[in-house]
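Shown here: target-v5.txt, compact mmCIF, C-alpha atoms.
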```txt
# COMPACT_ATOMS: atom_id res chain seq x y z
CA MET A 1 -34.69 229.26 -17.30
CA ASN A 2 -33.58 225.74 -16.46
CA ASN A 3 -30.48 225.38 -14.31
CA LYS A 4 -29.09 221.91 -15.14
CA LYS A 5 -27.04 222.02 -11.91
CA TYR A 6 -30.12 220.89 -9.95
CA GLU A 7 -31.73 218.64 -12.56
CA GLU A 8 -33.06 215.25 -11.53
CA VAL A 9 -32.95 212.78 -14.43
CA THR A 10 -35.79 210.26 -14.59
CA ILE A 11 -34.56 206.67 -14.65
CA HIS A 12 -37.92 204.89 -14.42
CA THR A 13 -41.59 205.89 -14.29
CA GLU A 14 -44.28 203.69 -12.76
CA PRO A 15 -47.89 204.75 -13.47
CA VAL A 16 -50.02 204.28 -10.33
CA PHE A 17 -53.41 205.86 -11.06
CA GLN A 18 -55.21 207.42 -14.04
CA GLY A 19 -58.30 209.48 -13.16
CA LYS A 20 -60.58 211.94 -14.94
CA VAL A 21 -58.63 214.97 -13.70
CA ILE A 22 -55.26 213.75 -12.43
CA SER A 23 -52.87 210.88 -12.72
CA LEU A 24 -50.27 209.71 -10.25
CA GLN A 25 -46.88 208.26 -11.06
CA VAL A 26 -43.80 207.31 -9.09
CA ASP A 27 -40.48 208.25 -10.70
CA ARG A 28 -37.06 206.95 -9.80
CA VAL A 29 -34.59 209.79 -10.40
CA ARG A 30 -30.86 210.33 -10.44
CA LEU A 31 -29.91 213.27 -8.24
CA PRO A 32 -27.23 215.82 -9.11
CA ASN A 33 -24.79 214.04 -6.75
CA GLY A 34 -25.31 210.68 -8.55
CA GLU A 35 -27.51 209.11 -5.88
CA THR A 36 -31.09 208.00 -6.64
CA ALA A 37 -34.40 208.95 -5.05
CA THR A 38 -38.13 208.37 -5.48
CA ARG A 39 -40.54 211.15 -6.50
CA GLU A 40 -44.34 210.88 -6.35
CA LEU A 41 -45.83 213.08 -9.10
CA VAL A 42 -49.38 214.27 -9.68
CA LYS A 43 -49.92 215.06 -13.36
CA HIS A 44 -52.62 217.65 -14.16
CA PRO A 45 -53.69 219.20 -17.49
CA GLY A 46 -53.51 222.74 -16.10
CA ALA A 47 -56.23 225.22 -15.26
CA VAL A 48 -57.49 228.74 -15.73
CA ALA A 49 -58.79 231.23 -13.19
CA VAL A 50 -60.55 234.55 -13.73
CA LEU A 51 -60.39 237.74 -11.70
CA ALA A 52 -63.77 239.17 -12.80
CA VAL A 53 -64.18 242.86 -11.92
CA LYS A 54 -67.62 244.48 -11.94
CA ASP A 55 -68.52 247.94 -10.64
CA GLY A 56 -65.78 248.08 -8.01
CA LYS A 57 -66.36 244.51 -6.84
CA ILE A 58 -65.05 241.09 -7.82
CA VAL A 59 -67.23 238.18 -8.81
CA LEU A 60 -66.55 234.95 -6.95
CA VAL A 61 -68.25 231.61 -6.49
CA GLU A 62 -68.91 229.60 -3.37
CA GLN A 63 -68.79 225.82 -3.61
CA TYR A 64 -68.05 222.78 -1.49
CA ARG A 65 -64.47 221.50 -1.67
CA LYS A 66 -64.38 217.84 -0.69
CA PRO A 67 -60.61 217.69 0.05
CA LEU A 68 -61.08 220.48 2.64
CA GLY A 69 -64.45 219.21 3.89
CA ARG A 70 -66.06 222.65 3.66
CA SER A 71 -67.32 225.36 1.32
CA GLN A 72 -64.86 227.90 -0.04
CA VAL A 73 -65.27 231.20 -1.87
CA GLU A 74 -63.02 231.35 -4.93
CA ILE A 75 -62.59 233.16 -8.22
CA PRO A 76 -64.16 231.32 -11.18
CA ALA A 77 -61.79 228.61 -12.38
CA GLY A 78 -61.57 225.25 -14.08
CA LYS A 79 -59.30 222.74 -15.69
CA LEU A 80 -58.10 222.89 -19.25
CA GLU A 81 -59.42 220.32 -21.69
CA PRO A 82 -56.76 218.58 -23.84
CA GLY A 83 -55.46 221.06 -26.45
CA GLU A 84 -57.75 223.85 -25.22
CA ASP A 85 -56.57 227.46 -25.52
CA PRO A 86 -56.35 228.92 -21.98
CA LEU A 87 -58.00 232.19 -23.08
CA GLU A 88 -61.03 230.33 -24.44
CA ALA A 89 -61.15 228.18 -21.31
CA ALA A 90 -61.13 231.31 -19.11
CA LYS A 91 -64.09 232.78 -21.03
CA ARG A 92 -65.91 229.43 -20.81
CA GLU A 93 -65.37 229.06 -17.06
CA LEU A 94 -66.42 232.65 -16.35
CA GLU A 95 -69.71 232.18 -18.19
CA GLU A 96 -70.39 228.63 -16.94
CA GLU A 97 -69.84 229.49 -13.28
CA THR A 98 -71.17 233.07 -13.07
CA GLY A 99 -73.27 233.69 -16.17
CA TYR A 100 -71.08 236.66 -17.10
CA THR A 101 -69.42 237.28 -20.43
CA CYS A 102 -66.77 239.96 -20.73
CA GLY A 103 -65.91 242.75 -23.12
CA SER A 104 -62.26 242.65 -22.08
CA ILE A 105 -60.06 239.80 -20.89
CA ARG A 106 -56.30 239.45 -20.64
CA LEU A 107 -53.68 237.19 -19.13
CA LEU A 108 -52.09 238.44 -15.91
CA GLY A 109 -49.64 235.54 -15.66
CA SER A 110 -49.32 231.91 -14.70
CA PHE A 111 -47.99 230.00 -11.71
CA ALA A 112 -47.39 226.49 -10.42
CA THR A 113 -49.77 225.47 -7.64
CA SER A 114 -47.67 222.84 -5.81
CA PRO A 115 -44.36 222.27 -7.65
CA GLY A 116 -43.09 219.90 -4.97
CA PHE A 117 -45.42 217.15 -6.18
CA ALA A 118 -47.69 218.40 -9.00
CA ASP A 119 -47.17 219.85 -12.48
CA GLU A 120 -50.40 221.91 -12.51
CA ILE A 121 -50.04 225.42 -13.96
CA ILE A 122 -52.84 227.97 -13.51
CA TYR A 123 -53.29 230.77 -16.04
CA LEU A 124 -54.77 233.81 -14.29
CA TYR A 125 -56.87 236.23 -16.36
CA VAL A 126 -58.56 239.52 -15.54
CA ALA A 127 -62.00 240.07 -17.09
CA GLU A 128 -63.72 243.44 -17.20
CA GLN A 129 -66.74 245.02 -18.89
CA LEU A 130 -68.92 242.17 -17.65
CA LYS A 131 -72.33 241.48 -19.13
CA ALA A 132 -74.88 239.42 -17.17
CA GLY A 133 -76.25 236.21 -18.59
CA ASN A 134 -77.13 232.73 -17.40
CA SER A 135 -74.71 230.43 -15.63
CA ASN A 136 -74.40 226.84 -16.80
CA PRO A 137 -72.24 224.90 -14.32
CA ASP A 138 -71.15 221.33 -14.98
CA GLU A 139 -73.73 218.74 -13.88
CA ASP A 140 -71.66 217.85 -10.79
CA GLU A 141 -70.97 221.49 -9.84
CA PHE A 142 -73.13 223.22 -7.24
CA LEU A 143 -72.17 226.84 -6.64
CA ASP A 144 -73.44 230.34 -6.07
CA ALA A 145 -71.94 233.53 -7.48
CA LEU A 146 -71.36 236.51 -5.21
CA GLU A 147 -69.74 239.93 -5.47
CA LEU A 148 -67.37 241.34 -2.87
CA THR A 149 -65.53 244.58 -2.26
CA TYR A 150 -61.84 244.42 -1.45
CA GLU A 151 -62.56 244.92 2.25
CA GLU A 152 -65.12 242.09 2.24
CA ALA A 153 -62.65 239.81 0.43
CA VAL A 154 -59.96 240.53 3.04
CA ARG A 155 -62.47 239.70 5.78
CA PHE A 156 -63.33 236.41 4.01
CA ILE A 157 -59.60 235.56 3.93
CA ALA A 158 -59.27 236.29 7.67
CA GLU A 159 -62.34 234.13 8.37
CA GLY A 160 -61.00 231.25 6.25
CA ARG A 161 -63.89 231.47 3.76
CA ILE A 162 -61.27 232.32 1.11
CA GLY A 163 -58.16 230.18 1.48
CA ASP A 164 -56.84 229.11 -1.90
CA ALA A 165 -53.73 230.63 -3.42
CA LYS A 166 -55.22 231.53 -6.81
CA THR A 167 -57.96 233.63 -5.22
CA ILE A 168 -55.62 235.33 -2.74
CA ILE A 169 -53.18 236.15 -5.57
CA ALA A 170 -56.04 237.55 -7.67
CA ILE A 171 -57.35 239.68 -4.80
CA GLN A 172 -53.89 241.15 -4.24
CA ALA A 173 -53.46 241.85 -7.97
CA TRP A 174 -56.85 243.58 -7.89
CA ARG A 175 -55.76 245.66 -4.86
CA LEU A 176 -52.57 246.65 -6.67
CA HIS A 177 -54.71 247.78 -9.59
CA GLN A 178 -56.90 249.84 -7.26
CA LEU A 179 -53.81 251.57 -5.82
CA THR A 180 -51.65 251.97 -8.94
CA GLY A 181 -53.89 251.50 -11.97
CA THR A 182 -51.95 248.45 -13.16
CA TYR A 183 -52.31 244.70 -12.68
CA GLU A 184 -49.16 242.82 -11.77
CA LEU A 185 -48.40 239.37 -10.44
```
Encoding of this model in structure tokens:
Amino acid sequence: MNNKKYEEVTIHTEPVFQGKVISLQVDRVRLPNGETATRELVKHPGAVAVLAVKDGKIVLVEQYRKPLGRSQVEIPAGKLEPGEDPLEAAKRELEEETGYTCGSIRLLGSFATSPGFADEIIYLYVAEQLKAGNSNPDEDEFLDALELTYEEAVRFIAEGRIGDAKTIIAIQAWRLHQLTGTYEL
């Protein structure tokens, strides 16, 4: 649903940076009241994330996150390649990062990560009936897989070891499933 009442119309776009993962542009926009303003936009191809459930635990990965300057524990995730189907990307990321394949996987929903400045959308999947295999992370990815109970995951959140929105959303969806038998976002 797009409410035109609040729409900002782009007058001019100035590309600033083009990287491997993101690009940055500055847009001049016309506001609903006729005035103009500047918007700095991060463009991102989108990403997938996987809530992987195995024997009453969830499978996560720990890796260093340079922007935060510390390691974080997160659900398996990764960016979409151009034209890539999010379902196939979710299966790929699960196997690359954890070594697991799944007998069942389905979309829980999608959400914007930081709509105030970025267009990134994350597609969140739940994967069950996991089968162990060999992980194959990207050459610049250094991570370890671990399995946590809900109580351990909540403790990791309180300790700051888990702090990203996608993982916290997934943990809460998993808790809802434990209590009601259904996954909801």
Next on the checklist: Please list as a PyMOL selection string every residue within 10 Å of Leu80 (chain A), counting all atoms listed in the file and excluding residues in the same chain fewer than 6 positions away.
Outcome noted: chain A and resi 21+44-48+86+88-90+93+121-123
Give me, as a Markdown table, each residue of region 109-148 of chain A that comes within 6 Å of region 58-66 of chain A, together with its shortest interatomic pair and the distance in Å at one decimal, counting only C-alpha atoms, with rows ordered by chain and rising residue number.
```
| residue | atom | partner | partner_atom | distance |
| --- | --- | --- | --- | --- |
| A:Leu143 | CA | A:Gln63 | CA | 4.7 |
| A:Asp144 | CA | A:Glu62 | CA | 5.3 |
| A:Ala145 | CA | A:Val61 | CA | 4.3 |
| A:Leu146 | CA | A:Leu60 | CA | 5.3 |
| A:Glu147 | CA | A:Val59 | CA | 4.5 |
| A:Leu148 | CA | A:Ile58 | CA | 5.5 |
```
Excluding same-chain residues fewer than 3 positions from Val50 (chain A), what lies within 10 Å of it counting only C-alpha atoms, as a compact mmCIF listing (two decimals) with C-alpha atoms, in the frame of the given file?
```txt
# COMPACT_ATOMS: atom_id res chain seq x y z
CA VAL A 53 -64.18 242.86 -11.92
CA ILE A 58 -65.05 241.09 -7.82
CA VAL A 59 -67.23 238.18 -8.81
CA LEU A 60 -66.55 234.95 -6.95
CA GLU A 74 -63.02 231.35 -4.93
CA ILE A 75 -62.59 233.16 -8.22
CA PRO A 76 -64.16 231.32 -11.18
CA ALA A 77 -61.79 228.61 -12.38
CA GLY A 78 -61.57 225.25 -14.08
CA LEU A 87 -58.00 232.19 -23.08
CA ALA A 89 -61.15 228.18 -21.31
CA ALA A 90 -61.13 231.31 -19.11
CA LYS A 91 -64.09 232.78 -21.03
CA GLU A 93 -65.37 229.06 -17.06
CA LEU A 94 -66.42 232.65 -16.35
CA ILE A 105 -60.06 239.80 -20.89
CA ARG A 106 -56.30 239.45 -20.64
CA LEU A 107 -53.68 237.19 -19.13
CA LEU A 108 -52.09 238.44 -15.91
CA TYR A 123 -53.29 230.77 -16.04
CA LEU A 124 -54.77 233.81 -14.29
CA TYR A 125 -56.87 236.23 -16.36
CA VAL A 126 -58.56 239.52 -15.54
CA ALA A 127 -62.00 240.07 -17.09
CA LYS A 166 -55.22 231.53 -6.81
CA THR A 167 -57.96 233.63 -5.22
CA ALA A 170 -56.04 237.55 -7.67
```
Item to check | Point-to-point distance in Å for CA of Gln72 (chain A) and CA of Glu97 (chain A) | outcome: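 Computing it gives 14.2 Å between the two atoms.
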Next on the checklist: Between CA of Arg175 (chain A) and CA of Lys79 (chain A), what distance in Å does the model show, to one decimal?
Outcome noted: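 Separating CA of Arg175 (chain A) from CA of Lys79 (chain A) is a distance of 25.6 Å.
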Checklist entry - Closest to His12 (chain A) among A:Ile168, A:Ala37, A:Ile162, A:Ala153, using only C-alpha atoms? => result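 So, comparing all the options, the nearest one is A:Ala37.
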Name the residues in contact with Arg30 (chain A) at a cut-off of 6 Å, using all atoms listed in the file, excluding same-chain residues fewer than 3 positions from it; report them as a PDB file with C-alpha atoms, in the coordinates of the input.
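The result, stored in out-v5.pdb:
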```pdb
ATOM      1  CA  GLU A   8     -33.060 215.250 -11.530  1.00  0.00           C
ATOM      2  CA  VAL A   9     -32.950 212.780 -14.430  1.00  0.00           C
ATOM      3  CA  GLY A  34     -25.310 210.680  -8.550  1.00  0.00           C
ATOM      4  CA  GLU A  35     -27.510 209.110  -5.880  1.00  0.00           C
ATOM      5  CA  THR A  36     -31.090 208.000  -6.640  1.00  0.00           C
TER       6      THR A  36
END
```
Item to check | Residue among A:Leu24, A:Leu130, A:Gly181, A:Ile171 lying closest to Glu152 (chain A), counting all atoms listed in the file | outcome: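 Nearest candidate to Glu152 (chain A) out of A:Leu24, A:Leu130, A:Gly181, A:Ile171: A:Ile171.
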Next on the checklist: Between CA of Glu84 (chain A) and CA of Ile169 (chain A), what is the distance in Å, rounded to a tenth?
Outcome noted: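 About the pair CA of Glu84 (chain A) and CA of Ile169 (chain A): they are 23.6 Å apart.
With all atoms listed in the file as the atoms that count, the residue of A:Gly56, A:Pro15, A:Gly109, A:Gly69 with the shortest distance to Tyr183 (chain A) is A:Gly109.
With only C-alpha atoms as the atoms that count, the minimum distance from Gly133 (chain A) to the choices A:Glu95, A:Asp27, A:Glu120, A:Glu40 is reached by A:Glu95.
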Item to check | Contacts of Ser23 (chain A) at 9 Å (all atoms listed in the file; same-chain gap of 3+ positions) as a PyMOL selection string | outcome: chain A and resi 15-20+41-44
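Using only C-alpha atoms, the nearest neighbour of Val26 (chain A) within the list A:Ala118, A:Glu7, A:Phe142, A:Gln178 is A:Ala118.
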Item to check | From A:Asn3, A:Ser104, A:Thr113, A:Gln172, residue lying nearest Lys54 (chain A) [only C-alpha atoms] | outcome: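 With only C-alpha atoms as the atom set, the closest residue is A:Ser104.
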